[in-house]
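As stored in final17.pdb (PDB, C-alpha atoms):
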```pdb
ATOM      1  CA  LEU A 668      32.471 -45.439 -33.498
ATOM      2  CA  ALA A 669      29.441 -47.428 -32.341
ATOM      3  CA  GLU A 670      31.373 -48.402 -29.217
ATOM      4  CA  ARG A 671      32.243 -44.731 -28.585
ATOM      5  CA  ASP A 672      28.557 -43.780 -28.900
ATOM      6  CA  GLN A 673      27.687 -46.531 -26.431
ATOM      7  CA  ASN A 674      30.270 -45.227 -23.972
ATOM      8  CA  VAL A 675      28.946 -41.684 -24.375
ATOM      9  CA  ASP A 676      25.390 -42.902 -23.777
ATOM     10  CA  LYS A 677      26.510 -44.807 -20.699
ATOM     11  CA  PHE A 678      28.399 -41.774 -19.389
ATOM     12  CA  CYS A 679      25.417 -39.475 -20.038
ATOM     13  CA  THR A 680      23.098 -41.867 -18.173
ATOM     14  CA  HIS A 681      25.417 -41.741 -15.158
ATOM     15  CA  LEU A 682      25.672 -37.970 -15.502
ATOM     16  CA  ASP A 683      21.884 -37.609 -15.580
ATOM     17  CA  LYS A 684      21.701 -39.544 -12.305
ATOM     18  CA  ASP A 685      24.357 -37.268 -10.787
ATOM     19  CA  ILE A 686      22.451 -34.178 -11.982
ATOM     20  CA  ALA A 687      19.212 -35.520 -10.445
ATOM     21  CA  GLU A 688      21.069 -36.154  -7.173
ATOM     22  CA  MET A 689      22.445 -32.634  -7.271
ATOM     23  CA  ALA A 690      18.946 -31.203  -7.855
ATOM     24  CA  ARG A 691      17.860 -32.964  -4.634
ATOM     25  CA  GLU A 692      20.780 -31.380  -2.780
ATOM     26  CA  VAL A 693      19.803 -27.940  -4.111
ATOM     27  CA  LYS A 694      16.259 -28.453  -2.794
ATOM     28  CA  GLU A 695      17.653 -29.356   0.627
ATOM     29  CA  VAL A 696      19.807 -26.206   0.698
ATOM     30  CA  LYS A 697      16.807 -24.166  -0.471
ATOM     31  CA  GLN A 698      14.798 -25.394   2.517
ATOM     32  CA  GLU A 699      17.601 -24.333   4.846
ATOM     33  CA  VAL A 700      17.965 -20.942   3.104
ATOM     34  CA  GLN A 701      14.232 -20.404   3.701
ATOM     35  CA  ASN A 702      14.463 -21.279   7.400
ATOM     36  CA  PRO A 703      12.279 -18.602   9.126
ATOM     37  CA  MET A 704      15.036 -18.127  11.714
ATOM     38  CA  ILE A 705      17.125 -16.278   9.094
ATOM     39  CA  LEU A 706      14.585 -13.452   8.726
ATOM     40  CA  ASP A 707      13.545 -13.336  12.385
ATOM     41  CA  PRO A 708      14.747 -10.150  14.115
ATOM     42  CA  THR A 709      14.835 -11.970  17.475
ATOM     43  CA  SER A 710      17.282 -14.623  16.200
ATOM     44  CA  ASP A 711      20.808 -14.817  17.535
ATOM     45  CA  GLN A 712      22.805 -12.786  14.990
ATOM     46  CA  GLN A 713      25.970 -14.896  15.252
ATOM     47  CA  LYS A 714      23.977 -18.108  14.761
ATOM     48  CA  VAL A 715      22.253 -16.679  11.665
ATOM     49  CA  LYS A 716      25.566 -15.549  10.167
ATOM     50  CA  ALA A 717      27.188 -18.938  10.859
ATOM     51  CA  THR A 718      24.220 -20.693   9.186
ATOM     52  CA  LEU A 719      24.445 -18.409   6.129
ATOM     53  CA  GLU A 720      28.217 -18.957   5.903
ATOM     54  CA  LYS A 721      27.751 -22.745   5.986
ATOM     55  CA  LEU A 722      25.059 -22.564   3.282
ATOM     56  CA  ALA A 723      27.229 -20.271   1.146
ATOM     57  CA  ASN A 724      30.012 -22.871   1.228
ATOM     58  CA  GLN A 725      27.549 -25.595   0.207
ATOM     59  CA  MET A 726      26.251 -23.419  -2.622
ATOM     60  CA  GLU A 727      29.785 -22.752  -3.836
ATOM     61  CA  ASP A 728      30.440 -26.498  -4.026
ATOM     62  CA  LEU A 729      27.164 -27.061  -5.880
ATOM     63  CA  GLN A 730      27.990 -24.305  -8.374
ATOM     64  CA  LYS A 731      31.408 -25.826  -9.048
ATOM     65  CA  THR A 732      29.768 -29.223  -9.601
ATOM     66  CA  ALA A 733      27.184 -27.686 -11.951
ATOM     67  CA  PHE A 734      29.992 -26.040 -13.928
ATOM     68  CA  THR A 735      31.800 -29.399 -14.229
ATOM     69  CA  TYR A 736      28.618 -31.162 -15.415
ATOM     70  CA  LYS A 737      28.001 -28.442 -18.004
ATOM     71  CA  SER A 738      31.574 -28.852 -19.294
ATOM     72  CA  TYR A 739      31.020 -32.608 -19.723
ATOM     73  CA  GLN A 740      27.775 -32.015 -21.608
ATOM     74  CA  LYS A 741      29.399 -29.454 -23.909
ATOM     75  CA  ASN A 742      32.298 -31.804 -24.614
ATOM     76  CA  PHE A 743      29.936 -34.646 -25.517
ATOM     77  CA  LYS A 744      27.729 -32.246 -27.512
ATOM     78  CA  VAL A 745      24.579 -33.141 -25.602
ATOM     79  CA  GLU A 746      21.953 -30.747 -24.264
ATOM     80  CA  VAL A 747      23.371 -28.608 -21.470
ATOM     81  CA  THR A 748      21.285 -28.640 -18.276
ATOM     82  CA  LYS A 749      20.010 -25.289 -16.953
ATOM     83  CA  TYR A 750      20.328 -24.915 -13.196
ATOM     84  CA  GLU A 751      17.610 -22.317 -12.618
ATOM     85  CA  GLU A 752      16.748 -23.398  -9.090
ATOM     86  CA  LEU A 753      20.424 -23.332  -8.136
ATOM     87  CA  GLU A 754      20.694 -19.732  -9.403
ATOM     88  CA  GLU A 755      17.503 -18.674  -7.597
ATOM     89  CA  VAL A 756      18.640 -20.172  -4.287
ATOM     90  CA  PHE A 757      22.084 -18.600  -4.691
ATOM     91  CA  ALA A 758      20.536 -15.145  -5.317
ATOM     92  CA  GLU A 759      18.250 -15.460  -2.272
ATOM     93  CA  LEU A 760      21.129 -16.595  -0.061
ATOM     94  CA  LYS A 761      23.362 -13.725  -1.232
ATOM     95  CA  MET A 762      20.628 -11.194  -0.466
ATOM     96  CA  LYS A 763      20.135 -12.582   3.043
ATOM     97  CA  GLN A 764      23.880 -12.445   3.626
ATOM     98  CA  GLN A 765      23.927  -8.866   2.349
ATOM     99  CA  LEU A 766      21.113  -7.929   4.745
ATOM    100  CA  TRP A 767      22.853  -9.208   7.886
ATOM    101  CA  GLY A 768      26.243  -7.966   6.665
ATOM    102  CA  SER A 769      24.812  -4.490   6.058
ATOM    103  CA  ILE A 770      23.374  -4.366   9.587
ATOM    104  CA  ASP A 771      26.824  -5.207  11.005
ATOM    105  CA  ASP A 772      28.656  -2.734   8.767
ATOM    106  CA  TRP A 773      26.143   0.063   9.399
ATOM    107  CA  ASP A 774      26.284  -0.413  13.174
ATOM    108  CA  ALA A 775      30.097  -0.253  13.051
ATOM    109  CA  LEU A 776      29.990   2.945  10.967
ATOM    110  CA  VAL A 777      27.517   4.633  13.322
ATOM    111  CA  LYS A 778      29.535   3.602  16.395
ATOM    112  CA  GLY A 779      32.600   5.253  14.838
ATOM    113  CA  TRP A 780      30.654   8.424  14.018
ATOM    114  CA  MET A 781      29.135   8.600  17.499
ATOM    115  CA  GLU A 782      32.513   8.396  19.233
ATOM    116  CA  ALA A 783      34.679  10.496  16.878
ATOM    117  CA  PRO A 784      35.429  14.147  17.740
ATOM    118  CA  PHE A 785      32.606  16.096  16.104
ATOM    119  CA  GLU A 786      34.986  18.436  14.230
ATOM    120  CA  THR A 787      36.460  15.436  12.370
ATOM    121  CA  LEU A 788      33.119  14.372  10.860
ATOM    122  CA  ASP A 789      32.646  15.115   7.159
ATOM    123  CA  PRO A 790      28.927  15.677   6.462
ATOM    124  CA  GLU A 791      29.455  14.815   2.773
ATOM    125  CA  ASP A 792      30.923  11.417   3.654
ATOM    126  CA  LEU A 793      28.165  10.716   6.178
ATOM    127  CA  GLY A 794      25.501  11.795   3.703
ATOM    128  CA  ALA A 795      26.936   9.695   0.856
ATOM    129  CA  LEU A 796      27.152   6.564   3.019
ATOM    130  CA  THR A 797      23.617   7.105   4.317
ATOM    131  CA  VAL A 798      22.320   7.375   0.736
ATOM    132  CA  LYS A 799      24.283   4.233  -0.226
ATOM    133  CA  TYR A 800      22.770   2.196   2.631
ATOM    134  CA  ASN A 801      19.334   3.611   1.865
ATOM    135  CA  LYS A 802      19.662   2.147  -1.660
ATOM    136  CA  THR A 803      20.790  -1.178  -0.190
ATOM    137  CA  VAL A 804      17.673  -1.245   2.020
ATOM    138  CA  TYR A 805      15.492  -0.542  -1.028
ATOM    139  CA  GLN A 806      17.100  -3.354  -3.081
ATOM    140  CA  ILE A 807      16.854  -5.904  -0.264
ATOM    141  CA  GLU A 808      13.278  -4.861   0.536
ATOM    142  CA  LYS A 809      12.345  -5.520  -3.121
ATOM    143  CA  GLY A 810      14.249  -8.798  -3.306
ATOM    144  CA  LEU A 811      13.067 -10.527  -0.123
ATOM    145  CA  PRO A 812       9.613 -11.412   1.193
ATOM    146  CA  PRO A 813       8.250  -9.099   3.924
ATOM    147  CA  ASN A 814      10.138  -9.737   7.167
ATOM    148  CA  GLY A 815      11.116  -8.159  10.461
ATOM    149  CA  VAL A 816      14.866  -7.779   9.796
ATOM    150  CA  VAL A 817      14.844  -5.294   6.876
ATOM    151  CA  PRO A 818      12.860  -2.726   8.956
ATOM    152  CA  LEU A 819      15.638  -2.887  11.596
ATOM    153  CA  LEU A 820      18.223  -1.718   9.068
ATOM    154  CA  LYS A 821      15.791   0.716   7.434
ATOM    155  CA  GLU A 822      14.970   2.387  10.744
ATOM    156  CA  ARG A 823      18.656   2.771  11.680
ATOM    157  CA  VAL A 824      19.556   4.289   8.306
ATOM    158  CA  GLU A 825      16.558   6.657   8.354
ATOM    159  CA  ASN A 826      17.481   7.648  11.890
ATOM    160  CA  MET A 827      20.854   8.876  10.652
ATOM    161  CA  ARG A 828      19.321  10.504   7.575
ATOM    162  CA  ASP A 829      17.075  12.561   9.881
ATOM    163  CA  LYS A 830      20.156  13.744  11.803
ATOM    164  CA  MET A 831      21.969  14.987   8.694
ATOM    165  CA  PRO A 832      20.534  18.581   8.621
ATOM    166  CA  VAL A 833      21.758  19.286  12.171
ATOM    167  CA  ILE A 834      25.156  17.652  11.513
ATOM    168  CA  THR A 835      25.599  19.640   8.288
ATOM    169  CA  ASN A 836      24.618  22.929   9.913
ATOM    170  CA  MET A 837      26.811  22.405  12.969
ATOM    171  CA  ARG A 838      29.806  21.423  10.792
ATOM    172  CA  ASN A 839      29.416  24.563   8.686
ATOM    173  CA  PRO A 840      32.942  26.100   8.565
ATOM    174  CA  SER A 841      31.502  29.618   8.523
ATOM    175  CA  LEU A 842      29.941  29.287  12.000
ATOM    176  CA  ARG A 843      31.225  32.057  14.288
ATOM    177  CA  LYS A 844      31.399  32.343  18.077
ATOM    178  CA  ARG A 845      28.008  34.107  18.186
ATOM    179  CA  HIS A 846      26.432  31.251  16.179
ATOM    180  CA  TRP A 847      27.753  28.734  18.698
ATOM    181  CA  GLU A 848      26.338  30.864  21.514
ATOM    182  CA  GLU A 849      22.938  30.855  19.784
ATOM    183  CA  ILE A 850      23.130  27.059  19.396
ATOM    184  CA  GLU A 851      24.015  26.736  23.103
ATOM    185  CA  THR A 852      20.951  28.813  23.981
ATOM    186  CA  VAL A 853      18.688  26.632  21.814
ATOM    187  CA  LEU A 854      20.119  23.411  23.279
ATOM    188  CA  GLU A 855      20.345  24.785  26.830
ATOM    189  CA  TYR A 856      23.833  23.314  26.958
ATOM    190  CA  LYS A 857      27.277  24.876  27.324
ATOM    191  CA  PHE A 858      30.001  23.313  25.159
ATOM    192  CA  ASN A 859      33.356  22.979  26.927
ATOM    193  CA  ASN A 860      36.780  21.506  26.164
ATOM    194  CA  ASP A 861      36.663  19.177  29.175
ATOM    195  CA  ASP A 862      33.710  17.329  27.608
ATOM    196  CA  PRO A 863      34.608  17.031  23.883
ATOM    197  CA  LEU A 864      31.730  17.356  21.439
ATOM    198  CA  THR A 865      30.730  14.127  19.676
ATOM    199  CA  LEU A 866      27.683  12.945  17.784
ATOM    200  CA  GLY A 867      26.939  10.748  20.806
ATOM    201  CA  LYS A 868      26.940  13.843  23.051
ATOM    202  CA  LEU A 869      24.513  15.618  20.676
ATOM    203  CA  VAL A 870      22.162  12.633  20.896
ATOM    204  CA  GLU A 871      22.493  12.670  24.681
ATOM    205  CA  ILE A 872      21.492  16.368  24.941
ATOM    206  CA  ASP A 873      18.583  15.941  22.474
ATOM    207  CA  ALA A 874      20.144  18.258  19.881
ATOM    208  CA  PHE A 875      18.230  16.534  17.091
ATOM    209  CA  GLU A 876      14.922  17.627  18.561
ATOM    210  CA  HIS A 877      15.846  21.181  17.457
ATOM    211  CA  THR A 878      16.479  20.704  13.731
ATOM    212  CA  GLU A 879      14.579  23.830  12.629
ATOM    213  CA  ALA A 880      16.060  26.093  15.313
ATOM    214  CA  ILE A 881      19.622  25.089  14.374
ATOM    215  CA  GLU A 882      19.132  25.817  10.651
TER     216      GLU A 882
END
```
Could you quickly redo this structure as structure tokens?
Amino acid sequence: LAERDQNVDKFCTHLDKDIAEMAREVKEVKQEVQNPMILDPTSDQQKVKATLEKLANQMEDLQKTAFTYKSYQKNFKVEVTKYEELEEVFAELKMKQQLWGSIDDWDALVKGWMEAPFETLDPEDLGALTVKYNKTVYQIEKGLPPNGVVPLLKERVENMRDKMPVITNMRNPSLRKRHWEEIETVLEYKFNNDDPLTLGKLVEIDAFEHTEAIE
């Protein structure tokens, strides 16, 4: 039994060294996660995403290692180490990934909306997605230090939110021919089948400058 205790002590000493080494690695990753380039709106987007992906893989490995070390400690009934810094760094990294991912996803959504035939757009869907991304902006804004990237996403989402009244009114199924004629007068633009109506076309002809008139 004494020999077993000695072996456990020896193992725990080695484990403590490994845990200390891992803590150093976490600090190194933390420094990289806090690289100002990641929250710089002028940074190359692909480079930022590649950096975040690399760090996410490192963090995943560190989390697996932490889990293994905790299992050893539980098995040997010794105090289980808390990895608070690891969790903090992981949360910060995830939020930064979510920020850049949301910008990509939002841009793709808007591109689709801009190019789709206007009569296929569902204002409820557009509105719900705009609200969802607005919440995402709010969460990220709260979770990250002030930076120049969050306002990029915020501005794009708010831009769409401001367009929603016109989109909703112009997609109203009860609009009649005379209503469309009134809208044409307001916009000083004649809709025709040769130039299909899209959200992009409405932006082009400044339709969103006439929100009140189109109500």
Residues selected by the PyMOL selection byres ((chain A and resi 708-722) around 7), written as a PyMOL selection string: chain A and resi 696+704-707+723-726+764+815-816
Residues as selected, C-alpha atoms, written as a CSV table (one decimal), keeping the file's coordinate frame, can you do that?
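out.csv, written as the output of this step:
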```csv
chain,number,residue,atom,x,y,z
A,696,VAL,CA,19.8,-26.2,0.7
A,704,MET,CA,15.0,-18.1,11.7
A,705,ILE,CA,17.1,-16.3,9.1
A,706,LEU,CA,14.6,-13.5,8.7
A,707,ASP,CA,13.5,-13.3,12.4
A,723,ALA,CA,27.2,-20.3,1.1
A,724,ASN,CA,30.0,-22.9,1.2
A,725,GLN,CA,27.5,-25.6,0.2
A,726,MET,CA,26.3,-23.4,-2.6
A,764,GLN,CA,23.9,-12.4,3.6
A,815,GLY,CA,11.1,-8.2,10.5
A,816,VAL,CA,14.9,-7.8,9.8
```
Written as a PDB file with C-alpha atoms, in the coordinates of the input, which residues does the PyMOL selection byres ((chain A and resi 734-750) around 10) give for the file shown?
```pdb
ATOM      1  CA  ASP A 672      28.557 -43.780 -28.900  1.00  0.00           C
ATOM      2  CA  VAL A 675      28.946 -41.684 -24.375  1.00  0.00           C
ATOM      3  CA  ASP A 676      25.390 -42.902 -23.777  1.00  0.00           C
ATOM      4  CA  PHE A 678      28.399 -41.774 -19.389  1.00  0.00           C
ATOM      5  CA  CYS A 679      25.417 -39.475 -20.038  1.00  0.00           C
ATOM      6  CA  LEU A 682      25.672 -37.970 -15.502  1.00  0.00           C
ATOM      7  CA  ASP A 683      21.884 -37.609 -15.580  1.00  0.00           C
ATOM      8  CA  ASP A 685      24.357 -37.268 -10.787  1.00  0.00           C
ATOM      9  CA  ILE A 686      22.451 -34.178 -11.982  1.00  0.00           C
ATOM     10  CA  MET A 689      22.445 -32.634  -7.271  1.00  0.00           C
ATOM     11  CA  ALA A 690      18.946 -31.203  -7.855  1.00  0.00           C
ATOM     12  CA  VAL A 693      19.803 -27.940  -4.111  1.00  0.00           C
ATOM     13  CA  ASP A 728      30.440 -26.498  -4.026  1.00  0.00           C
ATOM     14  CA  LEU A 729      27.164 -27.061  -5.880  1.00  0.00           C
ATOM     15  CA  GLN A 730      27.990 -24.305  -8.374  1.00  0.00           C
ATOM     16  CA  LYS A 731      31.408 -25.826  -9.048  1.00  0.00           C
ATOM     17  CA  THR A 732      29.768 -29.223  -9.601  1.00  0.00           C
ATOM     18  CA  ALA A 733      27.184 -27.686 -11.951  1.00  0.00           C
ATOM     19  CA  GLU A 751      17.610 -22.317 -12.618  1.00  0.00           C
ATOM     20  CA  GLU A 752      16.748 -23.398  -9.090  1.00  0.00           C
ATOM     21  CA  LEU A 753      20.424 -23.332  -8.136  1.00  0.00           C
ATOM     22  CA  GLU A 754      20.694 -19.732  -9.403  1.00  0.00           C
ATOM     23  CA  GLU A 755      17.503 -18.674  -7.597  1.00  0.00           C
TER      24      GLU A 755
END
```
Residues returned when the PyMOL selection byres ((chain A and resi 789) around 12) runs on this file, as a ChimeraX atom specification: /A:780,783-788,790-796,831,834-840,866
Separation of CA of Leu766 in chain A from CA of Glu727 in chain A, in Å and rounded to one decimal: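 So the answer is 19.2 Å.
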Selected residue, from A:Pro863, A:Val756, A:Asn674, A:Ser841, that lies nearest to Glu695 in chain A when counting only C-alpha atoms: A:Val756
Minimum-distance residue to Glu851 in chain A, chosen among A:Ala874, A:Glu692, A:Pro813, A:Gly768 (using only C-alpha atoms):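 Closest candidate: A:Ala874.
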Contacts of Glu849 in chain A within 12 Å, only C-alpha atoms, excl. fewer than 5 positions in-chain, as a list of chain:residue names: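 Selected residues are A:Met837, A:Leu842, A:Arg843, A:Lys844, A:Leu854, A:Glu855, A:Tyr856, A:Lys857, A:Phe858, A:Ala880, A:Ile881, A:Glu882.
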Mind dumping a table of every range 724-771 of chain A residue within 12 Å of range 799-804 of chain A, with the nearest atom pair and its distance in Å to one decimal, using all atoms listed in the file, sorted by chain and rising number, as a tab-separated table?
```
residue	atom	partner	partner_atom	distance
A:Met762	CA	A:Thr803	CA	10.0
A:Lys763	CA	A:Val804	CA	11.6
A:Gln765	CA	A:Thr803	CA	8.7
A:Leu766	CA	A:Val804	CA	8.0
A:Trp767	CA	A:Val804	CA	11.2
A:Gly768	CA	A:Thr803	CA	11.1
A:Ser769	CA	A:Tyr800	CA	7.8
A:Ile770	CA	A:Tyr800	CA	9.6
A:Asp771	CA	A:Tyr800	CA	11.9
```
Distance in Å - CA of Thr878 in chain A versus CA of Pro832 in chain A: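 Between CA of Thr878 in chain A and CA of Pro832 in chain A the gap is 6.9 Å.
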d(CA of Asp829 in chain A, CA of Asn859 in chain A) in Å: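 CA of Asp829 in chain A sits 25.8 Å away from CA of Asn859 in chain A.
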Could N, CA and C atoms be built for range 771-806 of chain A and written out as a short mmCIF file (atom, residue, chain, number, x, y, z; two decimals), keeping the file's coordinate frame?
```cif
data_model
loop_
_atom_site.label_atom_id
_atom_site.label_comp_id
_atom_site.auth_asym_id
_atom_site.auth_seq_id
_atom_site.Cartn_x
_atom_site.Cartn_y
_atom_site.Cartn_z
N ASP A 771 25.53 -5.23 10.29
CA ASP A 771 26.82 -5.21 11.00
C ASP A 771 27.66 -4.00 10.60
N ASP A 772 27.80 -3.81 9.28
CA ASP A 772 28.66 -2.73 8.77
C ASP A 772 28.10 -1.36 9.16
N TRP A 773 26.78 -1.22 9.06
CA TRP A 773 26.14 0.06 9.40
C TRP A 773 26.34 0.37 10.88
N ASP A 774 26.12 -0.62 11.72
CA ASP A 774 26.28 -0.41 13.17
C ASP A 774 27.71 0.01 13.50
N ALA A 775 28.69 -0.59 12.81
CA ALA A 775 30.10 -0.25 13.05
C ALA A 775 30.38 1.19 12.61
N LEU A 776 29.82 1.57 11.46
CA LEU A 776 29.99 2.94 10.97
C LEU A 776 29.43 3.95 11.97
N VAL A 777 28.19 3.70 12.41
CA VAL A 777 27.52 4.63 13.32
C VAL A 777 28.27 4.72 14.64
N LYS A 778 28.76 3.60 15.14
CA LYS A 778 29.54 3.60 16.40
C LYS A 778 30.75 4.52 16.24
N GLY A 779 31.43 4.40 15.11
CA GLY A 779 32.60 5.25 14.84
C GLY A 779 32.22 6.72 14.80
N TRP A 780 31.11 7.03 14.12
CA TRP A 780 30.65 8.42 14.02
C TRP A 780 30.26 8.99 15.38
N MET A 781 29.62 8.14 16.18
CA MET A 781 29.14 8.60 17.50
C MET A 781 30.30 8.96 18.44
N GLU A 782 31.41 8.23 18.29
CA GLU A 782 32.51 8.40 19.23
C GLU A 782 33.59 9.36 18.74
N ALA A 783 33.62 9.64 17.44
CA ALA A 783 34.68 10.50 16.88
C ALA A 783 34.48 11.95 17.32
N PRO A 784 35.58 12.71 17.47
CA PRO A 784 35.43 14.15 17.74
C PRO A 784 34.56 14.77 16.65
N PHE A 785 33.59 15.58 17.05
CA PHE A 785 32.61 16.10 16.10
C PHE A 785 33.26 16.88 14.96
N GLU A 786 34.36 17.59 15.28
CA GLU A 786 34.99 18.44 14.23
C GLU A 786 35.67 17.60 13.15
N THR A 787 35.83 16.29 13.39
CA THR A 787 36.46 15.44 12.37
C THR A 787 35.43 14.83 11.41
N LEU A 788 34.15 14.97 11.72
CA LEU A 788 33.12 14.37 10.86
C LEU A 788 32.95 15.18 9.57
N ASP A 789 32.88 14.47 8.46
CA ASP A 789 32.65 15.12 7.16
C ASP A 789 31.20 14.84 6.75
N PRO A 790 30.35 15.89 6.80
CA PRO A 790 28.93 15.68 6.46
C PRO A 790 28.71 15.06 5.08
N GLU A 791 29.61 15.38 4.13
CA GLU A 791 29.46 14.82 2.77
C GLU A 791 29.65 13.30 2.80
N ASP A 792 30.67 12.86 3.53
CA ASP A 792 30.92 11.42 3.65
C ASP A 792 29.74 10.72 4.33
N LEU A 793 29.29 11.29 5.44
CA LEU A 793 28.16 10.72 6.18
C LEU A 793 26.92 10.64 5.29
N GLY A 794 26.68 11.73 4.58
CA GLY A 794 25.50 11.80 3.70
C GLY A 794 25.57 10.76 2.60
N ALA A 795 26.77 10.64 1.97
CA ALA A 795 26.94 9.70 0.86
C ALA A 795 26.74 8.26 1.33
N LEU A 796 27.30 7.92 2.49
CA LEU A 796 27.15 6.56 3.02
C LEU A 796 25.71 6.28 3.42
N THR A 797 25.03 7.28 3.94
CA THR A 797 23.62 7.10 4.32
C THR A 797 22.77 6.84 3.08
N VAL A 798 23.05 7.58 2.00
CA VAL A 798 22.32 7.38 0.74
C VAL A 798 22.60 5.97 0.19
N LYS A 799 23.89 5.56 0.27
CA LYS A 799 24.28 4.23 -0.23
C LYS A 799 23.52 3.13 0.52
N TYR A 800 23.46 3.23 1.84
CA TYR A 800 22.77 2.20 2.63
C TYR A 800 21.26 2.26 2.44
N ASN A 801 20.76 3.46 2.15
CA ASN A 801 19.33 3.61 1.86
C ASN A 801 18.97 2.84 0.60
N LYS A 802 19.87 2.89 -0.40
CA LYS A 802 19.66 2.15 -1.66
C LYS A 802 19.72 0.64 -1.40
N THR A 803 20.66 0.24 -0.55
CA THR A 803 20.79 -1.18 -0.19
C THR A 803 19.49 -1.68 0.44
N VAL A 804 18.95 -0.88 1.36
CA VAL A 804 17.67 -1.25 2.02
C VAL A 804 16.59 -1.44 0.96
N TYR A 805 16.52 -0.50 0.02
CA TYR A 805 15.49 -0.54 -1.03
C TYR A 805 15.62 -1.82 -1.87
N GLN A 806 16.87 -2.15 -2.26
CA GLN A 806 17.10 -3.35 -3.08
C GLN A 806 16.72 -4.63 -2.32
#
```
